[in-house]
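Structure first, commentary second.
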Amino acid sequence: MADTTRDSSRKSVFREYAEAIIVALVLALLIRTFVVQAFKIPSGSMEPTLLIGDHLLVNKFTYGVRNPFNGEVWISLQEPARYDVVVFRYPRNPSQDYIKRIIGLPGETVEIRDKKVYIDGEPLDDPRAVFRDDDILPPSRQPRDNFGPVTVGPDELFTLGDNRDNSHDGRFWGMVETTALRGKAFVLYWSWDREETGVRWNRLGQRIE
């Protein structure tokens, strides 16, 4: 009789642990799918806003509750805005995630002339853009410094990297569909400098703007 009770008690404890683990995994999956997700910066296309080795959190709830399979918005909360830093599925390879800044919104005409961005024919105040190459490339060579004009379609966004002379962005592969958005980047939680092999303590906790 005592052995039966002991076995039952062991099974009960095992079941409690199993249930707790399952609940924790389900909650973690739901949070990652609908609320917040961590990403790491692998390139310098968003410098100096984001550095190689920065680890950031993306708010997946900012623009609403989405279908995790096709990106369709179930409950809309906020529209993507100019200058938002967003993570999205790369249009040419949806298995990859890219991070860029929103520059052009649906219905707007975007043009770049000699590195200067114009929206609907008006120059854009773009204080976050950084240029590290004084050369201006002609459009016949590549669209880095002279691009468009192009009109952003419905449910599309035009994005650029802050490091304008070294960013593979909308100038080269076009628009981002709003259904491809993962969310809005909002805070750095870790940053590792590979060259100095050290933590960038001054960046931890910084808001991404």
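Residue numbering restarts at 1 in every chain; chains get A, B, ... in the order shown in the structure tokens, and ligands count up from 1 in that same order.
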Residues of chain A classed as helix (DSSP H, G or I) by DSSP on the backbone are to be reported as a PDB file with N, CA, C and O atoms, in the first residue's frame.
```pdb
ATOM      1  N   ALA A   2       1.940   1.235   0.813  1.00  0.00           N
ATOM      2  CA  ALA A   2       2.839   2.381   0.905  1.00  0.00           C
ATOM      3  C   ALA A   2       3.527   2.637  -0.425  1.00  0.00           C
ATOM      4  O   ALA A   2       3.703   3.773  -0.856  1.00  0.00           O
ATOM      5  N   ASP A   3       3.944   1.562  -1.137  1.00  0.00           N
ATOM      6  CA  ASP A   3       4.610   1.720  -2.426  1.00  0.00           C
ATOM      7  C   ASP A   3       3.683   2.349  -3.441  1.00  0.00           C
ATOM      8  O   ASP A   3       4.090   3.181  -4.257  1.00  0.00           O
ATOM      9  N   THR A   4       2.408   1.956  -3.417  1.00  0.00           N
ATOM     10  CA  THR A   4       1.425   2.513  -4.350  1.00  0.00           C
ATOM     11  C   THR A   4       1.249   4.010  -4.119  1.00  0.00           C
ATOM     12  O   THR A   4       1.178   4.804  -5.054  1.00  0.00           O
ATOM     13  N   THR A   5       1.184   4.393  -2.859  1.00  0.00           N
ATOM     14  CA  THR A   5       1.035   5.820  -2.523  1.00  0.00           C
ATOM     15  C   THR A   5       2.249   6.615  -2.977  1.00  0.00           C
ATOM     16  O   THR A   5       2.140   7.713  -3.500  1.00  0.00           O
ATOM     17  N   ARG A   6       3.455   6.020  -2.748  1.00  0.00           N
ATOM     18  CA  ARG A   6       4.699   6.699  -3.130  1.00  0.00           C
ATOM     19  C   ARG A   6       4.762   6.870  -4.644  1.00  0.00           C
ATOM     20  O   ARG A   6       5.139   7.913  -5.159  1.00  0.00           O
ATOM     21  N   ASP A   7       4.394   5.828  -5.390  1.00  0.00           N
ATOM     22  CA  ASP A   7       4.396   5.900  -6.848  1.00  0.00           C
ATOM     23  C   ASP A   7       3.423   6.947  -7.346  1.00  0.00           C
ATOM     24  O   ASP A   7       3.701   7.710  -8.287  1.00  0.00           O
ATOM     25  N   SER A   8       2.249   7.000  -6.708  1.00  0.00           N
ATOM     26  CA  SER A   8       1.238   7.986  -7.099  1.00  0.00           C
ATOM     27  C   SER A   8       1.747   9.402  -6.857  1.00  0.00           C
ATOM     28  O   SER A   8       1.524  10.305  -7.655  1.00  0.00           O
ATOM     29  N   SER A   9       2.447   9.578  -5.724  1.00  0.00           N
ATOM     30  CA  SER A   9       2.989  10.894  -5.395  1.00  0.00           C
ATOM     31  C   SER A   9       4.044  11.311  -6.406  1.00  0.00           C
ATOM     32  O   SER A   9       4.094  12.460  -6.840  1.00  0.00           O
ATOM     33  N   ARG A  10       4.915  10.367  -6.824  1.00  0.00           N
ATOM     34  CA  ARG A  10       5.940  10.654  -7.815  1.00  0.00           C
ATOM     35  C   ARG A  10       5.310  11.060  -9.150  1.00  0.00           C
ATOM     36  O   ARG A  10       5.746  11.996  -9.801  1.00  0.00           O
ATOM     37  N   LYS A  11       4.277  10.325  -9.546  1.00  0.00           N
ATOM     38  CA  LYS A  11       3.581  10.630 -10.796  1.00  0.00           C
ATOM     39  C   LYS A  11       2.946  12.017 -10.733  1.00  0.00           C
ATOM     40  O   LYS A  11       2.946  12.770 -11.707  1.00  0.00           O
ATOM     41  N   SER A  12       2.409  12.361  -9.564  1.00  0.00           N
ATOM     42  CA  SER A  12       1.763  13.665  -9.403  1.00  0.00           C
ATOM     43  C   SER A  12       2.789  14.786  -9.532  1.00  0.00           C
ATOM     44  O   SER A  12       2.545  15.791 -10.194  1.00  0.00           O
ATOM     45  N   VAL A  13       3.962  14.609  -8.897  1.00  0.00           N
ATOM     46  CA  VAL A  13       5.020  15.617  -8.983  1.00  0.00           C
ATOM     47  C   VAL A  13       5.517  15.742 -10.409  1.00  0.00           C
ATOM     48  O   VAL A  13       5.715  16.851 -10.927  1.00  0.00           O
ATOM     49  N   PHE A  14       5.739  14.617 -11.081  1.00  0.00           N
ATOM     50  CA  PHE A  14       6.185  14.619 -12.475  1.00  0.00           C
ATOM     51  C   PHE A  14       5.170  15.328 -13.371  1.00  0.00           C
ATOM     52  O   PHE A  14       5.536  16.122 -14.242  1.00  0.00           O
ATOM     53  N   ARG A  15       3.893  15.066 -13.125  1.00  0.00           N
ATOM     54  CA  ARG A  15       2.843  15.698 -13.922  1.00  0.00           C
ATOM     55  C   ARG A  15       2.823  17.203 -13.716  1.00  0.00           C
ATOM     56  O   ARG A  15       2.664  17.966 -14.668  1.00  0.00           O
ATOM     57  N   GLU A  16       3.013  17.640 -12.462  1.00  0.00           N
ATOM     58  CA  GLU A  16       3.035  19.077 -12.176  1.00  0.00           C
ATOM     59  C   GLU A  16       4.190  19.765 -12.905  1.00  0.00           C
ATOM     60  O   GLU A  16       4.023  20.834 -13.491  1.00  0.00           O
ATOM     61  N   TYR A  17       5.382  19.136 -12.871  1.00  0.00           N
ATOM     62  CA  TYR A  17       6.533  19.695 -13.565  1.00  0.00           C
ATOM     63  C   TYR A  17       6.282  19.741 -15.074  1.00  0.00           C
ATOM     64  O   TYR A  17       6.595  20.735 -15.753  1.00  0.00           O
ATOM     65  N   ALA A  18       5.733  18.651 -15.621  1.00  0.00           N
ATOM     66  CA  ALA A  18       5.469  18.575 -17.059  1.00  0.00           C
ATOM     67  C   ALA A  18       4.469  19.648 -17.490  1.00  0.00           C
ATOM     68  O   ALA A  18       4.661  20.320 -18.509  1.00  0.00           O
ATOM     69  N   GLU A  19       3.418  19.821 -16.695  1.00  0.00           N
ATOM     70  CA  GLU A  19       2.416  20.832 -17.010  1.00  0.00           C
ATOM     71  C   GLU A  19       3.010  22.236 -16.950  1.00  0.00           C
ATOM     72  O   GLU A  19       2.731  23.090 -17.798  1.00  0.00           O
ATOM     73  N   ALA A  20       3.851  22.478 -15.932  1.00  0.00           N
ATOM     74  CA  ALA A  20       4.487  23.795 -15.791  1.00  0.00           C
ATOM     75  C   ALA A  20       5.390  24.095 -16.979  1.00  0.00           C
ATOM     76  O   ALA A  20       5.406  25.214 -17.502  1.00  0.00           O
ATOM     77  N   ILE A  21       6.151  23.087 -17.419  1.00  0.00           N
ATOM     78  CA  ILE A  21       7.048  23.267 -18.560  1.00  0.00           C
ATOM     79  C   ILE A  21       6.254  23.524 -19.833  1.00  0.00           C
ATOM     80  O   ILE A  21       6.598  24.421 -20.634  1.00  0.00           O
ATOM     81  N   ILE A  22       5.190  22.786 -20.027  1.00  0.00           N
ATOM     82  CA  ILE A  22       4.360  22.956 -21.223  1.00  0.00           C
ATOM     83  C   ILE A  22       3.734  24.346 -21.248  1.00  0.00           C
ATOM     84  O   ILE A  22       3.744  25.034 -22.276  1.00  0.00           O
ATOM     85  N   VAL A  23       3.196  24.780 -20.120  1.00  0.00           N
ATOM     86  CA  VAL A  23       2.591  26.111 -20.033  1.00  0.00           C
ATOM     87  C   VAL A  23       3.636  27.189 -20.322  1.00  0.00           C
ATOM     88  O   VAL A  23       3.377  28.148 -21.051  1.00  0.00           O
ATOM     89  N   ALA A  24       4.838  27.030 -19.755  1.00  0.00           N
ATOM     90  CA  ALA A  24       5.906  28.010 -19.978  1.00  0.00           C
ATOM     91  C   ALA A  24       6.292  28.074 -21.449  1.00  0.00           C
ATOM     92  O   ALA A  24       6.497  29.162 -21.999  1.00  0.00           O
ATOM     93  N   LEU A  25       6.383  26.927 -22.098  1.00  0.00           N
ATOM     94  CA  LEU A  25       6.736  26.887 -23.526  1.00  0.00           C
ATOM     95  C   LEU A  25       5.659  27.537 -24.379  1.00  0.00           C
ATOM     96  O   LEU A  25       5.962  28.283 -25.322  1.00  0.00           O
ATOM     97  N   VAL A  26       4.406  27.265 -24.047  1.00  0.00           N
ATOM     98  CA  VAL A  26       3.301  27.859 -24.804  1.00  0.00           C
ATOM     99  C   VAL A  26       3.293  29.379 -24.634  1.00  0.00           C
ATOM    100  O   VAL A  26       3.130  30.124 -25.613  1.00  0.00           O
ATOM    101  N   LEU A  27       3.487  29.844 -23.399  1.00  0.00           N
ATOM    102  CA  LEU A  27       3.517  31.289 -23.153  1.00  0.00           C
ATOM    103  C   LEU A  27       4.687  31.942 -23.892  1.00  0.00           C
ATOM    104  O   LEU A  27       4.541  33.014 -24.477  1.00  0.00           O
ATOM    105  N   ALA A  28       5.859  31.292 -23.857  1.00  0.00           N
ATOM    106  CA  ALA A  28       7.027  31.830 -24.562  1.00  0.00           C
ATOM    107  C   ALA A  28       6.766  31.912 -26.058  1.00  0.00           C
ATOM    108  O   ALA A  28       7.134  32.898 -26.717  1.00  0.00           O
ATOM    109  N   LEU A  29       6.121  30.898 -26.608  1.00  0.00           N
ATOM    110  CA  LEU A  29       5.806  30.891 -28.036  1.00  0.00           C
ATOM    111  C   LEU A  29       4.814  31.994 -28.388  1.00  0.00           C
ATOM    112  O   LEU A  29       4.986  32.697 -29.397  1.00  0.00           O
ATOM    113  N   LEU A  30       3.809  32.177 -27.544  1.00  0.00           N
ATOM    114  CA  LEU A  30       2.815  33.223 -27.793  1.00  0.00           C
ATOM    115  C   LEU A  30       3.446  34.609 -27.709  1.00  0.00           C
ATOM    116  O   LEU A  30       3.170  35.484 -28.543  1.00  0.00           O
ATOM    117  N   ILE A  31       4.314  34.816 -26.705  1.00  0.00           N
ATOM    118  CA  ILE A  31       4.983  36.114 -26.559  1.00  0.00           C
ATOM    119  C   ILE A  31       5.866  36.389 -27.764  1.00  0.00           C
ATOM    120  O   ILE A  31       5.868  37.492 -28.310  1.00  0.00           O
ATOM    121  N   ARG A  32       6.633  35.386 -28.193  1.00  0.00           N
ATOM    122  CA  ARG A  32       7.534  35.556 -29.337  1.00  0.00           C
ATOM    123  C   ARG A  32       6.751  35.797 -30.625  1.00  0.00           C
ATOM    124  O   ARG A  32       7.175  36.545 -31.500  1.00  0.00           O
ATOM    125  N   THR A  33       5.603  35.180 -30.746  1.00  0.00           N
ATOM    126  CA  THR A  33       4.811  35.290 -31.975  1.00  0.00           C
ATOM    127  C   THR A  33       4.043  36.598 -32.046  1.00  0.00           C
ATOM    128  O   THR A  33       3.973  37.225 -33.107  1.00  0.00           O
ATOM    129  N   PHE A  34       3.493  37.045 -30.929  1.00  0.00           N
ATOM    130  CA  PHE A  34       2.573  38.175 -30.966  1.00  0.00           C
ATOM    131  C   PHE A  34       3.051  39.436 -30.226  1.00  0.00           C
ATOM    132  O   PHE A  34       2.528  40.518 -30.485  1.00  0.00           O
ATOM    133  N   ARG A 164      23.689  55.341 -45.478  1.00  0.00           N
ATOM    134  CA  ARG A 164      23.189  55.389 -46.847  1.00  0.00           C
ATOM    135  C   ARG A 164      24.178  54.911 -47.913  1.00  0.00           C
ATOM    136  O   ARG A 164      23.771  54.407 -48.953  1.00  0.00           O
ATOM    137  N   ASP A 165      25.448  55.091 -47.698  1.00  0.00           N
ATOM    138  CA  ASP A 165      26.416  54.687 -48.709  1.00  0.00           C
ATOM    139  C   ASP A 165      26.798  53.216 -48.607  1.00  0.00           C
ATOM    140  O   ASP A 165      27.568  52.714 -49.428  1.00  0.00           O
ATOM    141  N   ASN A 166      26.265  52.540 -47.602  1.00  0.00           N
ATOM    142  CA  ASN A 166      26.607  51.122 -47.403  1.00  0.00           C
ATOM    143  C   ASN A 166      25.391  50.368 -46.873  1.00  0.00           C
ATOM    144  O   ASN A 166      25.432  49.780 -45.789  1.00  0.00           O
ATOM    145  N   GLY A 170      15.776  49.461 -50.060  1.00  0.00           N
ATOM    146  CA  GLY A 170      14.733  49.613 -51.072  1.00  0.00           C
ATOM    147  C   GLY A 170      15.201  50.171 -52.398  1.00  0.00           C
ATOM    148  O   GLY A 170      14.537  49.988 -53.422  1.00  0.00           O
ATOM    149  N   ARG A 171      16.313  50.853 -52.426  1.00  0.00           N
ATOM    150  CA  ARG A 171      16.858  51.359 -53.685  1.00  0.00           C
ATOM    151  C   ARG A 171      17.244  50.225 -54.626  1.00  0.00           C
ATOM    152  O   ARG A 171      17.257  50.399 -55.849  1.00  0.00           O
ATOM    153  N   PHE A 172      17.569  49.069 -54.047  1.00  0.00           N
ATOM    154  CA  PHE A 172      18.078  47.951 -54.832  1.00  0.00           C
ATOM    155  C   PHE A 172      17.050  46.846 -55.044  1.00  0.00           C
ATOM    156  O   PHE A 172      17.124  46.116 -56.033  1.00  0.00           O
ATOM    157  N   TRP A 173      16.116  46.678 -54.117  1.00  0.00           N
ATOM    158  CA  TRP A 173      15.168  45.581 -54.269  1.00  0.00           C
ATOM    159  C   TRP A 173      13.700  45.995 -54.117  1.00  0.00           C
ATOM    160  O   TRP A 173      12.809  45.154 -54.119  1.00  0.00           O
ATOM    161  N   THR A 178       3.450  45.558 -46.265  1.00  0.00           N
ATOM    162  CA  THR A 178       3.160  45.712 -44.836  1.00  0.00           C
ATOM    163  C   THR A 178       2.908  44.362 -44.156  1.00  0.00           C
ATOM    164  O   THR A 178       3.130  44.222 -42.950  1.00  0.00           O
ATOM    165  N   THR A 179       2.477  43.373 -44.931  1.00  0.00           N
ATOM    166  CA  THR A 179       2.268  42.040 -44.353  1.00  0.00           C
ATOM    167  C   THR A 179       3.583  41.362 -43.994  1.00  0.00           C
ATOM    168  O   THR A 179       3.596  40.359 -43.270  1.00  0.00           O
ATOM    169  N   ALA A 180       4.715  41.913 -44.501  1.00  0.00           N
ATOM    170  CA  ALA A 180       6.027  41.329 -44.211  1.00  0.00           C
ATOM    171  C   ALA A 180       6.631  41.880 -42.921  1.00  0.00           C
ATOM    172  O   ALA A 180       7.678  41.406 -42.474  1.00  0.00           O
ATOM    173  N   TRP A 201      28.766  48.796 -22.757  1.00  0.00           N
ATOM    174  CA  TRP A 201      27.855  49.030 -21.640  1.00  0.00           C
ATOM    175  C   TRP A 201      27.009  50.279 -21.835  1.00  0.00           C
ATOM    176  O   TRP A 201      25.854  50.335 -21.388  1.00  0.00           O
ATOM    177  N   ASN A 202      27.559  51.294 -22.500  1.00  0.00           N
ATOM    178  CA  ASN A 202      26.838  52.556 -22.655  1.00  0.00           C
ATOM    179  C   ASN A 202      25.637  52.438 -23.590  1.00  0.00           C
ATOM    180  O   ASN A 202      24.787  53.327 -23.622  1.00  0.00           O
ATOM    181  N   ARG A 203      25.536  51.346 -24.322  1.00  0.00           N
ATOM    182  CA  ARG A 203      24.409  51.159 -25.257  1.00  0.00           C
ATOM    183  C   ARG A 203      23.261  50.365 -24.658  1.00  0.00           C
ATOM    184  O   ARG A 203      22.151  50.390 -25.191  1.00  0.00           O
TER     185      ARG A 203
END
```
Wanna dump the stretch 134-155 of chain A-stretch 110-126 of chain A contacts at 7 Å for me, each residue with its shortest atom pair and the distance in Å to one decimal, counting only C-alpha atoms, ordered by chain and number, as a Markdown table?
```
| residue | atom | partner | partner_atom | distance |
| --- | --- | --- | --- | --- |
| A:Ile136 | CA | A:Asp114 | CA | 6.2 |
| A:Asp145 | CA | A:Lys115 | CA | 4.5 |
| A:Asn146 | CA | A:Arg113 | CA | 4.8 |
| A:Phe147 | CA | A:Ile112 | CA | 4.8 |
| A:Gly148 | CA | A:Glu111 | CA | 4.7 |
| A:Pro149 | CA | A:Glu111 | CA | 4.3 |
| A:Val150 | CA | A:Val110 | CA | 5.4 |
| A:Thr151 | CA | A:Val110 | CA | 6.2 |
```
Residues from the last selection, all heavy atoms, saved as a PDB file, in the first residue's frame:
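What follows is the written file result11.pdb:
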```
ATOM      1  N   ILE A 136      29.406  60.753 -55.847  1.00  0.00           N
ATOM      2  CA  ILE A 136      27.995  60.607 -56.219  1.00  0.00           C
ATOM      3  C   ILE A 136      27.943  59.741 -57.473  1.00  0.00           C
ATOM      4  O   ILE A 136      28.471  60.110 -58.529  1.00  0.00           O
ATOM      5  CB  ILE A 136      27.347  61.978 -56.480  1.00  0.00           C
ATOM      6  CG1 ILE A 136      27.306  62.781 -55.178  1.00  0.00           C
ATOM      7  CG2 ILE A 136      25.936  61.790 -57.044  1.00  0.00           C
ATOM      8  CD1 ILE A 136      26.715  64.163 -55.319  1.00  0.00           C
ATOM      9  N   ASP A 145      22.787  56.635 -55.204  1.00  0.00           N
ATOM     10  CA  ASP A 145      22.732  58.081 -55.004  1.00  0.00           C
ATOM     11  C   ASP A 145      21.676  58.778 -55.842  1.00  0.00           C
ATOM     12  O   ASP A 145      21.335  59.935 -55.573  1.00  0.00           O
ATOM     13  CB  ASP A 145      24.097  58.699 -55.301  1.00  0.00           C
ATOM     14  CG  ASP A 145      25.200  58.110 -54.423  1.00  0.00           C
ATOM     15  OD1 ASP A 145      24.896  57.749 -53.269  1.00  0.00           O
ATOM     16  OD2 ASP A 145      26.340  58.004 -54.900  1.00  0.00           O
ATOM     17  N   ASN A 146      21.177  58.111 -56.858  1.00  0.00           N
ATOM     18  CA  ASN A 146      20.122  58.653 -57.726  1.00  0.00           C
ATOM     19  C   ASN A 146      19.127  57.539 -58.014  1.00  0.00           C
ATOM     20  O   ASN A 146      19.481  56.518 -58.624  1.00  0.00           O
ATOM     21  CB  ASN A 146      20.715  59.205 -59.021  1.00  0.00           C
ATOM     22  CG  ASN A 146      21.497  60.487 -58.800  1.00  0.00           C
ATOM     23  OD1 ASN A 146      20.947  61.572 -58.737  1.00  0.00           O
ATOM     24  ND2 ASN A 146      22.820  60.350 -58.660  1.00  0.00           N
ATOM     25  N   PHE A 147      17.903  57.765 -57.574  1.00  0.00           N
ATOM     26  CA  PHE A 147      16.903  56.691 -57.613  1.00  0.00           C
ATOM     27  C   PHE A 147      15.526  57.273 -57.896  1.00  0.00           C
ATOM     28  O   PHE A 147      15.175  58.336 -57.390  1.00  0.00           O
ATOM     29  CB  PHE A 147      16.899  55.967 -56.268  1.00  0.00           C
ATOM     30  CG  PHE A 147      15.764  54.994 -56.084  1.00  0.00           C
ATOM     31  CD1 PHE A 147      15.857  53.705 -56.568  1.00  0.00           C
ATOM     32  CD2 PHE A 147      14.604  55.376 -55.423  1.00  0.00           C
ATOM     33  CE1 PHE A 147      14.820  52.799 -56.394  1.00  0.00           C
ATOM     34  CE2 PHE A 147      13.558  54.488 -55.236  1.00  0.00           C
ATOM     35  CZ  PHE A 147      13.668  53.195 -55.737  1.00  0.00           C
ATOM     36  N   GLY A 148      14.734  56.527 -58.679  1.00  0.00           N
ATOM     37  CA  GLY A 148      13.340  56.910 -58.907  1.00  0.00           C
ATOM     38  C   GLY A 148      13.169  57.984 -59.965  1.00  0.00           C
ATOM     39  O   GLY A 148      14.069  58.222 -60.764  1.00  0.00           O
ATOM     40  N   PRO A 149      12.006  58.647 -59.909  1.00  0.00           N
ATOM     41  CA  PRO A 149      10.955  58.530 -58.883  1.00  0.00           C
ATOM     42  C   PRO A 149      10.120  57.254 -59.004  1.00  0.00           C
ATOM     43  O   PRO A 149       9.894  56.753 -60.097  1.00  0.00           O
ATOM     44  CB  PRO A 149      10.084  59.771 -59.132  1.00  0.00           C
ATOM     45  CG  PRO A 149      10.268  60.044 -60.597  1.00  0.00           C
ATOM     46  CD  PRO A 149      11.673  59.660 -60.931  1.00  0.00           C
ATOM     47  N   VAL A 150       9.678  56.765 -57.852  1.00  0.00           N
ATOM     48  CA  VAL A 150       8.776  55.621 -57.785  1.00  0.00           C
ATOM     49  C   VAL A 150       7.665  55.940 -56.802  1.00  0.00           C
ATOM     50  O   VAL A 150       7.869  56.691 -55.845  1.00  0.00           O
ATOM     51  CB  VAL A 150       9.507  54.332 -57.344  1.00  0.00           C
ATOM     52  CG1 VAL A 150      10.557  53.916 -58.365  1.00  0.00           C
ATOM     53  CG2 VAL A 150      10.144  54.511 -55.974  1.00  0.00           C
ATOM     54  N   THR A 151       6.504  55.375 -57.048  1.00  0.00           N
ATOM     55  CA  THR A 151       5.353  55.585 -56.161  1.00  0.00           C
ATOM     56  C   THR A 151       5.149  54.359 -55.292  1.00  0.00           C
ATOM     57  O   THR A 151       5.111  53.224 -55.794  1.00  0.00           O
ATOM     58  CB  THR A 151       4.081  55.879 -56.961  1.00  0.00           C
ATOM     59  OG1 THR A 151       4.280  57.064 -57.742  1.00  0.00           O
ATOM     60  CG2 THR A 151       2.885  56.091 -56.029  1.00  0.00           C
TER      61      THR A 151
END
```
Distance atom CA of A:Trp190-atom CA of A:Glu177, one decimal place?
29.2 Å
For a quick check of understanding, using only C-alpha atoms, which of A:Ala81, A:Met46, A:Leu204, A:Val152 has the smallest distance to A:Ile99?
A:Met46
Pairwise distance for atom CA of A:Ala129 and atom CA of A:Arg182, rounded to one decimal in Å
22.8 Å
Could you tell me which of A:Tyr189, A:Tyr83, A:Phe69, A:Trp74 comes closest to A:Leu157 if we count only C-alpha atoms?
A:Tyr83
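For A:Thr49, the set of protein, DNA and RNA residues having any atom at most 8 Å away, when counting only C-alpha atoms and skipping those fewer than 3 positions along the same chain, is A:Met46, A:Arg128, A:Asp162, A:Ile208, A:Glu209.
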How about saving the chosen residues, N, CA, C and O atoms kept, as a short mmCIF file (atom, residue, chain, number, x, y, z; two decimals), in the first residue's frame?
```cif
data_model
loop_
_atom_site.label_atom_id
_atom_site.label_comp_id
_atom_site.auth_asym_id
_atom_site.auth_seq_id
_atom_site.Cartn_x
_atom_site.Cartn_y
_atom_site.Cartn_z
N MET A 46 22.77 50.04 -40.71
CA MET A 46 22.00 51.00 -39.91
C MET A 46 22.88 51.84 -39.00
O MET A 46 22.40 52.50 -38.07
N ARG A 128 18.76 61.49 -39.61
CA ARG A 128 19.39 60.22 -39.21
C ARG A 128 20.28 59.63 -40.28
O ARG A 128 21.03 58.69 -40.03
N ASP A 162 20.22 53.68 -42.45
CA ASP A 162 20.77 54.98 -42.04
C ASP A 162 22.15 55.22 -42.63
O ASP A 162 22.54 56.35 -42.90
N ILE A 208 15.58 52.86 -29.35
CA ILE A 208 15.90 52.95 -30.77
C ILE A 208 14.97 53.97 -31.42
O ILE A 208 13.74 53.78 -31.41
N GLU A 209 15.55 55.04 -31.94
CA GLU A 209 14.73 56.09 -32.53
C GLU A 209 15.29 56.49 -33.90
O GLU A 209 16.41 56.21 -34.23
#
```
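If only C-alpha atoms are the atoms counted, then among A:Gly44, A:Val176, A:Arg207, A:Asn67 the closest residue to A:Leu188 is A:Arg207.
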Shell of 8 Å around A:Leu105, only C-alpha atoms, local chain residues under 2 positions omitted, as a VMD selection string:
chain A and resid 81 to 82 102 to 103 107 to 108 152 156 to 158
Just N, CA and C atoms for this one: save the residues we selected as a PDB file, in the first residue's frame.
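The result, stored in part_31.pdb:
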```
ATOM      1  N   ALA A  81       4.802  54.392 -39.387  1.00  0.00           N
ATOM      2  CA  ALA A  81       5.052  55.817 -39.578  1.00  0.00           C
ATOM      3  C   ALA A  81       6.453  56.047 -40.133  1.00  0.00           C
ATOM      4  N   ARG A  82       6.616  57.193 -40.798  1.00  0.00           N
ATOM      5  CA  ARG A  82       7.926  57.552 -41.304  1.00  0.00           C
ATOM      6  C   ARG A  82       8.934  57.616 -40.158  1.00  0.00           C
ATOM      7  N   ILE A 102      11.735  53.241 -42.091  1.00  0.00           N
ATOM      8  CA  ILE A 102      10.681  53.607 -43.042  1.00  0.00           C
ATOM      9  C   ILE A 102      10.890  55.035 -43.516  1.00  0.00           C
ATOM     10  N   ILE A 103      10.897  55.212 -44.831  1.00  0.00           N
ATOM     11  CA  ILE A 103      11.057  56.528 -45.432  1.00  0.00           C
ATOM     12  C   ILE A 103       9.829  56.928 -46.248  1.00  0.00           C
ATOM     13  N   GLY A 107       1.249  55.517 -51.234  1.00  0.00           N
ATOM     14  CA  GLY A 107       0.747  56.636 -52.038  1.00  0.00           C
ATOM     15  C   GLY A 107       1.756  57.729 -52.293  1.00  0.00           C
ATOM     16  N   GLU A 108       2.891  57.717 -51.599  1.00  0.00           N
ATOM     17  CA  GLU A 108       3.895  58.767 -51.770  1.00  0.00           C
ATOM     18  C   GLU A 108       4.845  58.435 -52.922  1.00  0.00           C
ATOM     19  N   VAL A 152       5.037  54.567 -53.993  1.00  0.00           N
ATOM     20  CA  VAL A 152       4.805  53.471 -53.049  1.00  0.00           C
ATOM     21  C   VAL A 152       3.357  53.017 -53.189  1.00  0.00           C
ATOM     22  N   GLU A 156       2.248  49.077 -48.978  1.00  0.00           N
ATOM     23  CA  GLU A 156       3.690  48.951 -49.169  1.00  0.00           C
ATOM     24  C   GLU A 156       4.424  50.051 -48.409  1.00  0.00           C
ATOM     25  N   LEU A 157       5.723  49.832 -48.201  1.00  0.00           N
ATOM     26  CA  LEU A 157       6.577  50.820 -47.556  1.00  0.00           C
ATOM     27  C   LEU A 157       7.913  50.873 -48.286  1.00  0.00           C
ATOM     28  N   PHE A 158       8.528  52.059 -48.299  1.00  0.00           N
ATOM     29  CA  PHE A 158       9.866  52.201 -48.862  1.00  0.00           C
ATOM     30  C   PHE A 158      10.830  52.417 -47.710  1.00  0.00           C
TER      31      PHE A 158
END
```
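In this structure, atom CA of A:Val86 sits 22.5 Å away from atom CA of A:Arg200.
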Could you pull out all residues of stretch 164-198 of chain A with a DSSP call of strand (DSSP E) and give them as a PyMOL selection string?
chain A and resi 176-177+181-193+198
Include N, CA and C atoms and write out the residues we just selected as a short mmCIF file (atom, residue, chain, number, x, y, z; two decimals), in the first residue's frame.
```cif
data_model
loop_
_atom_site.label_atom_id
_atom_site.label_comp_id
_atom_site.auth_asym_id
_atom_site.auth_seq_id
_atom_site.Cartn_x
_atom_site.Cartn_y
_atom_site.Cartn_z
N VAL A 176 8.63 47.10 -49.44
CA VAL A 176 8.31 46.10 -48.43
C VAL A 176 6.80 46.07 -48.25
N GLU A 177 6.21 44.92 -48.40
CA GLU A 177 4.78 44.81 -48.15
C GLU A 177 4.52 44.88 -46.65
N LEU A 181 5.98 42.87 -42.31
CA LEU A 181 6.53 43.47 -41.09
C LEU A 181 6.53 42.48 -39.93
N ARG A 182 7.67 42.43 -39.23
CA ARG A 182 7.75 41.66 -38.00
C ARG A 182 7.35 42.53 -36.81
N GLY A 183 7.76 43.80 -36.85
CA GLY A 183 7.45 44.71 -35.77
C GLY A 183 8.39 45.89 -35.75
N LYS A 184 8.25 46.71 -34.72
CA LYS A 184 9.04 47.93 -34.56
C LYS A 184 10.12 47.72 -33.51
N ALA A 185 11.37 48.02 -33.88
CA ALA A 185 12.48 47.92 -32.93
C ALA A 185 12.37 49.04 -31.90
N PHE A 186 12.59 48.71 -30.61
CA PHE A 186 12.37 49.77 -29.62
C PHE A 186 13.46 49.88 -28.54
N VAL A 187 14.26 48.84 -28.31
CA VAL A 187 15.27 48.98 -27.25
C VAL A 187 16.43 48.01 -27.48
N LEU A 188 17.63 48.45 -27.08
CA LEU A 188 18.81 47.59 -27.10
C LEU A 188 18.95 46.93 -25.72
N TYR A 189 19.09 45.61 -25.70
CA TYR A 189 19.26 44.94 -24.41
C TYR A 189 20.66 44.36 -24.25
N TRP A 190 21.45 44.33 -25.34
CA TRP A 190 22.81 43.81 -25.27
C TRP A 190 23.59 44.33 -26.46
N SER A 191 24.89 44.53 -26.29
CA SER A 191 25.72 44.99 -27.40
C SER A 191 27.14 44.50 -27.20
N TRP A 192 27.66 43.82 -28.20
CA TRP A 192 28.98 43.21 -28.11
C TRP A 192 29.85 43.69 -29.25
N ASP A 193 30.98 44.27 -28.92
CA ASP A 193 31.94 44.76 -29.91
C ASP A 193 32.92 43.64 -30.23
N GLY A 198 34.47 43.18 -26.30
CA GLY A 198 33.94 43.67 -25.04
C GLY A 198 32.50 44.13 -25.16
#
```
